[in-house]
>>> print(open('final.txt').read())   # compact mmCIF, C-alpha atoms
# COMPACT_ATOMS: atom_id res chain seq x y z
CA ASP A 50 -52.40 77.03 22.01
CA LEU A 51 -55.12 79.67 21.69
CA ALA A 52 -54.21 80.65 18.12
CA HIS A 53 -57.57 79.42 16.79
CA VAL A 54 -59.74 80.18 19.82
CA SER A 55 -61.88 83.31 19.71
CA GLN A 56 -63.76 82.93 23.00
CA ILE A 57 -64.41 80.71 25.99
CA LYS A 58 -68.02 80.04 26.91
CA PHE A 59 -68.66 79.33 30.62
CA ARG A 60 -71.87 77.77 31.95
CA VAL A 61 -72.35 79.59 35.27
CA GLN A 62 -74.89 79.96 38.01
CA SER A 63 -75.07 83.36 39.70
CA HIS A 64 -75.50 82.02 43.22
CA GLY A 65 -73.24 84.15 45.39
CA ALA A 66 -71.39 87.44 45.43
CA GLY A 67 -70.56 87.38 41.71
CA GLY A 68 -67.17 88.30 40.37
CA ARG A 69 -64.83 88.07 37.46
CA ILE A 70 -63.16 85.21 35.60
CA ASP A 71 -59.75 86.11 34.18
CA VAL A 72 -57.93 83.79 31.79
CA ARG A 73 -54.19 84.27 32.31
CA LEU A 74 -51.13 82.86 30.61
CA ASP A 75 -48.48 80.82 32.42
CA SER A 76 -49.09 82.02 36.01
CA LEU A 77 -51.66 83.47 38.41
CA LYS A 78 -50.28 86.94 37.65
CA GLY A 79 -49.57 86.33 33.95
CA PRO A 80 -51.01 88.43 31.14
CA VAL A 81 -54.82 88.42 30.88
CA VAL A 82 -55.96 87.08 27.51
CA GLY A 83 -59.68 87.00 28.31
CA SER A 84 -62.14 87.95 31.03
CA VAL A 85 -65.84 88.01 31.81
CA GLU A 86 -68.00 89.32 34.66
CA VAL A 87 -70.48 87.05 36.46
CA PRO A 88 -73.27 88.97 38.24
CA LEU A 89 -74.23 88.39 41.86
CA GLY A 90 -77.42 86.51 42.54
CA THR A 91 -79.41 83.92 44.44
CA VAL A 92 -80.96 80.79 42.98
CA SER A 93 -83.78 78.99 44.81
CA ASP A 94 -83.17 75.66 43.05
CA LEU A 95 -79.53 74.78 42.45
CA LYS A 96 -80.54 72.51 39.56
CA THR A 97 -81.75 75.52 37.56
CA GLY A 98 -80.59 79.05 36.89
CA TRP A 99 -77.60 78.16 34.70
CA LYS A 100 -76.64 80.58 31.94
CA ASP A 101 -73.80 81.09 29.50
CA VAL A 102 -71.29 83.93 29.74
CA ILE A 103 -68.59 84.50 27.16
CA ALA A 104 -65.01 85.66 27.59
CA PRO A 105 -63.50 86.94 24.32
CA VAL A 106 -59.94 85.62 24.03
CA LYS A 107 -56.89 87.30 22.50
CA SER A 108 -55.06 85.06 20.05
CA THR A 109 -51.74 83.69 21.28
CA GLN A 110 -48.87 81.87 19.66
CA GLY A 111 -47.34 78.68 21.02
CA LEU A 112 -48.27 76.52 23.96
CA HIS A 113 -49.08 78.06 27.35
CA ASN A 114 -50.46 76.97 30.67
CA LEU A 115 -53.82 78.61 31.32
CA TYR A 116 -54.82 79.89 34.74
CA PHE A 117 -58.47 80.66 35.46
CA VAL A 118 -58.53 83.27 38.21
CA PHE A 119 -61.82 84.00 40.02
CA THR A 120 -61.96 87.31 41.88
CA ASN A 121 -64.25 89.68 43.69
CA PRO A 122 -62.36 92.10 45.97
CA THR A 123 -65.52 92.94 47.94
CA ALA A 124 -66.71 89.35 48.56
CA ASP A 125 -64.59 88.76 51.72
CA LYS A 126 -64.33 84.94 51.49
CA LYS A 127 -67.92 84.41 50.32
CA GLU A 128 -68.98 82.11 47.52
CA LEU A 129 -68.75 83.89 44.17
CA PHE A 130 -70.65 81.69 41.70
CA TYR A 131 -70.73 78.15 40.34
CA ILE A 132 -69.25 76.87 37.08
CA ASP A 133 -70.63 73.78 35.38
CA TRP A 134 -68.38 73.67 32.31
CA MET A 135 -66.32 75.71 29.87
CA TYR A 136 -66.06 75.41 26.11
CA PHE A 137 -63.27 76.74 23.89
CA GLU A 138 -64.85 78.12 20.73
CA ARG A 139 -62.91 78.17 17.49
CA ALA A 140 -62.26 81.37 15.55
CA TYR A 141 -63.69 81.22 12.05
CA GLU A 142 -62.44 83.29 9.20
CA THR A 143 -65.00 85.43 7.40
CA LYS A 144 -64.74 86.15 3.69
>>> encode(input="final.txt", output="C-alpha cells")
Amino acid sequence: DLAHVSQIKFRVQSHGAGGRIDVRLDSLKGPVVGSVEVPLGTVSDLKTGWKDVIAPVKSTQGLHNLYFVFTNPTADKKELFYIDWMYFERAYETK
C-alpha cells in the first residue's frame, strides 16, 4: 500500500553503465508509479562512492506487488550500478 508513501530513497553506487530504476505495480510491465535515473560511473574503492537518489512515487490505493525494474537499453549485458538499500518515505501533510 503506497497511499502514504511520497518517495523511495535508494542508496546507490554509480559503478557501471548507469540506468533507470522503475517502480511498477503488480508485474514487470505494470504501470510505473515511480522512477529515477542512476548515472554511469566508475568507483576506485567499492566501499565508498555511495549516494542517495530519490524516486517520487504516485499514491496508490490498496495492496499491490511492487516490481523494481532496472534498465539501460544501451548497456548490452553490462553491470548497471549497485544498490545498498531502499527506504520508503512517508508523505506528510502540510498545513
>>> atom_distance(input="final.txt", atom1="CA of Leu129 (chain A)", atom2="CA of Tyr116 (chain A)")
17.3 Å
>>> closest_atom_pairs(input="final.txt", of="region 94-143 of chain A", to="region 55-72 of chain A", cutoff="6 Å", atoms="all atoms listed in the file", output="Markdown table")
| residue | atom | partner | partner_atom | distance |
| --- | --- | --- | --- | --- |
| A:Gly98 | CA | A:Gln62 | CA | 5.9 |
| A:Trp99 | CA | A:Gln62 | CA | 4.6 |
| A:Lys100 | CA | A:Val61 | CA | 5.5 |
| A:Asp101 | CA | A:Arg60 | CA | 4.6 |
| A:Val102 | CA | A:Phe59 | CA | 5.4 |
| A:Ile103 | CA | A:Lys58 | CA | 4.5 |
| A:Ala104 | CA | A:Ile57 | CA | 5.2 |
| A:Pro105 | CA | A:Gln56 | CA | 4.2 |
| A:Val106 | CA | A:Gln56 | CA | 4.8 |
| A:Tyr116 | CA | A:Val72 | CA | 5.8 |
| A:Phe117 | CA | A:Val72 | CA | 4.9 |
| A:Val118 | CA | A:Asp71 | CA | 5.1 |
| A:Phe119 | CA | A:Ile70 | CA | 4.8 |
| A:Thr120 | CA | A:Arg69 | CA | 5.3 |
| A:Asn121 | CA | A:Gly68 | CA | 4.6 |
| A:Ala124 | CA | A:Ala66 | CA | 5.9 |
| A:Glu128 | CA | A:Gly65 | CA | 5.2 |
| A:Leu129 | CA | A:Ala66 | CA | 4.6 |
| A:Phe130 | CA | A:His64 | CA | 5.1 |
| A:Tyr131 | CA | A:Gln62 | CA | 5.1 |
| A:Ile132 | CA | A:Val61 | CA | 4.5 |
| A:Asp133 | CA | A:Arg60 | CA | 5.4 |
| A:Trp134 | CA | A:Arg60 | CA | 5.4 |
| A:Met135 | CA | A:Phe59 | CA | 4.4 |
| A:Tyr136 | CA | A:Lys58 | CA | 5.1 |
| A:Phe137 | CA | A:Ile57 | CA | 4.6 |
| A:Glu138 | CA | A:Gln56 | CA | 5.4 |
| A:Arg139 | CA | A:Ser55 | CA | 5.7 |
| A:Ala140 | CA | A:Ser55 | CA | 4.6 |
>>> atom_distance(input="final.txt", atom1="CA of Arg73 (chain A)", atom2="CA of Ala52 (chain A)")
14.6 Å
>>> axis_aligned_box(input="final.txt", around="region 117-122 of chain A", padding_each_side="8 Å", output="JSON")
{"center_x": -61.4, "center_y": 86.4, "center_z": 40.7, "size_x": 21.8, "size_y": 27.4, "size_z": 26.5}
>>> atom_distance(input="final.txt", atom1="CA of Lys126 (chain A)", atom2="CA of Gly90 (chain A)")
15.9 Å
>>> build_atoms(input="final.txt", residues="region 60-74 of chain A", atoms="N, CA and C atoms", output="compact mmCIF listing (two decimals), keeping the file's coordinate frame")
# COMPACT_ATOMS: atom_id res chain seq x y z
N ARG A 60 -70.51 78.00 31.44
CA ARG A 60 -71.87 77.77 31.95
C ARG A 60 -71.81 78.05 33.43
N VAL A 61 -72.46 79.14 33.88
CA VAL A 61 -72.35 79.59 35.27
C VAL A 61 -73.73 79.70 35.92
N GLN A 62 -73.69 79.71 37.22
CA GLN A 62 -74.89 79.96 38.01
C GLN A 62 -74.57 81.10 38.97
N SER A 63 -75.29 82.18 38.85
CA SER A 63 -75.07 83.36 39.70
C SER A 63 -75.69 83.12 41.07
N HIS A 64 -75.03 82.30 41.86
CA HIS A 64 -75.50 82.02 43.22
C HIS A 64 -74.37 82.38 44.18
N GLY A 65 -74.30 83.65 44.52
CA GLY A 65 -73.24 84.15 45.39
C GLY A 65 -72.96 85.61 45.12
N ALA A 66 -71.77 86.03 45.50
CA ALA A 66 -71.39 87.44 45.43
C ALA A 66 -71.06 87.91 44.03
N GLY A 67 -70.96 86.98 43.06
CA GLY A 67 -70.56 87.38 41.71
C GLY A 67 -69.08 87.66 41.66
N GLY A 68 -68.60 88.00 40.50
CA GLY A 68 -67.17 88.30 40.37
C GLY A 68 -66.73 88.26 38.93
N ARG A 69 -65.46 88.00 38.78
CA ARG A 69 -64.83 88.07 37.46
C ARG A 69 -64.02 86.80 37.24
N ILE A 70 -64.03 86.32 36.01
CA ILE A 70 -63.16 85.21 35.60
C ILE A 70 -62.11 85.81 34.67
N ASP A 71 -60.85 85.70 35.05
CA ASP A 71 -59.75 86.11 34.18
C ASP A 71 -59.04 84.87 33.67
N VAL A 72 -58.73 84.85 32.38
CA VAL A 72 -57.93 83.79 31.79
C VAL A 72 -56.54 84.36 31.62
N ARG A 73 -55.57 83.75 32.31
CA ARG A 73 -54.19 84.27 32.31
C ARG A 73 -53.23 83.24 31.75
N LEU A 74 -52.15 83.74 31.19
CA LEU A 74 -51.13 82.86 30.61
C LEU A 74 -50.01 82.58 31.60
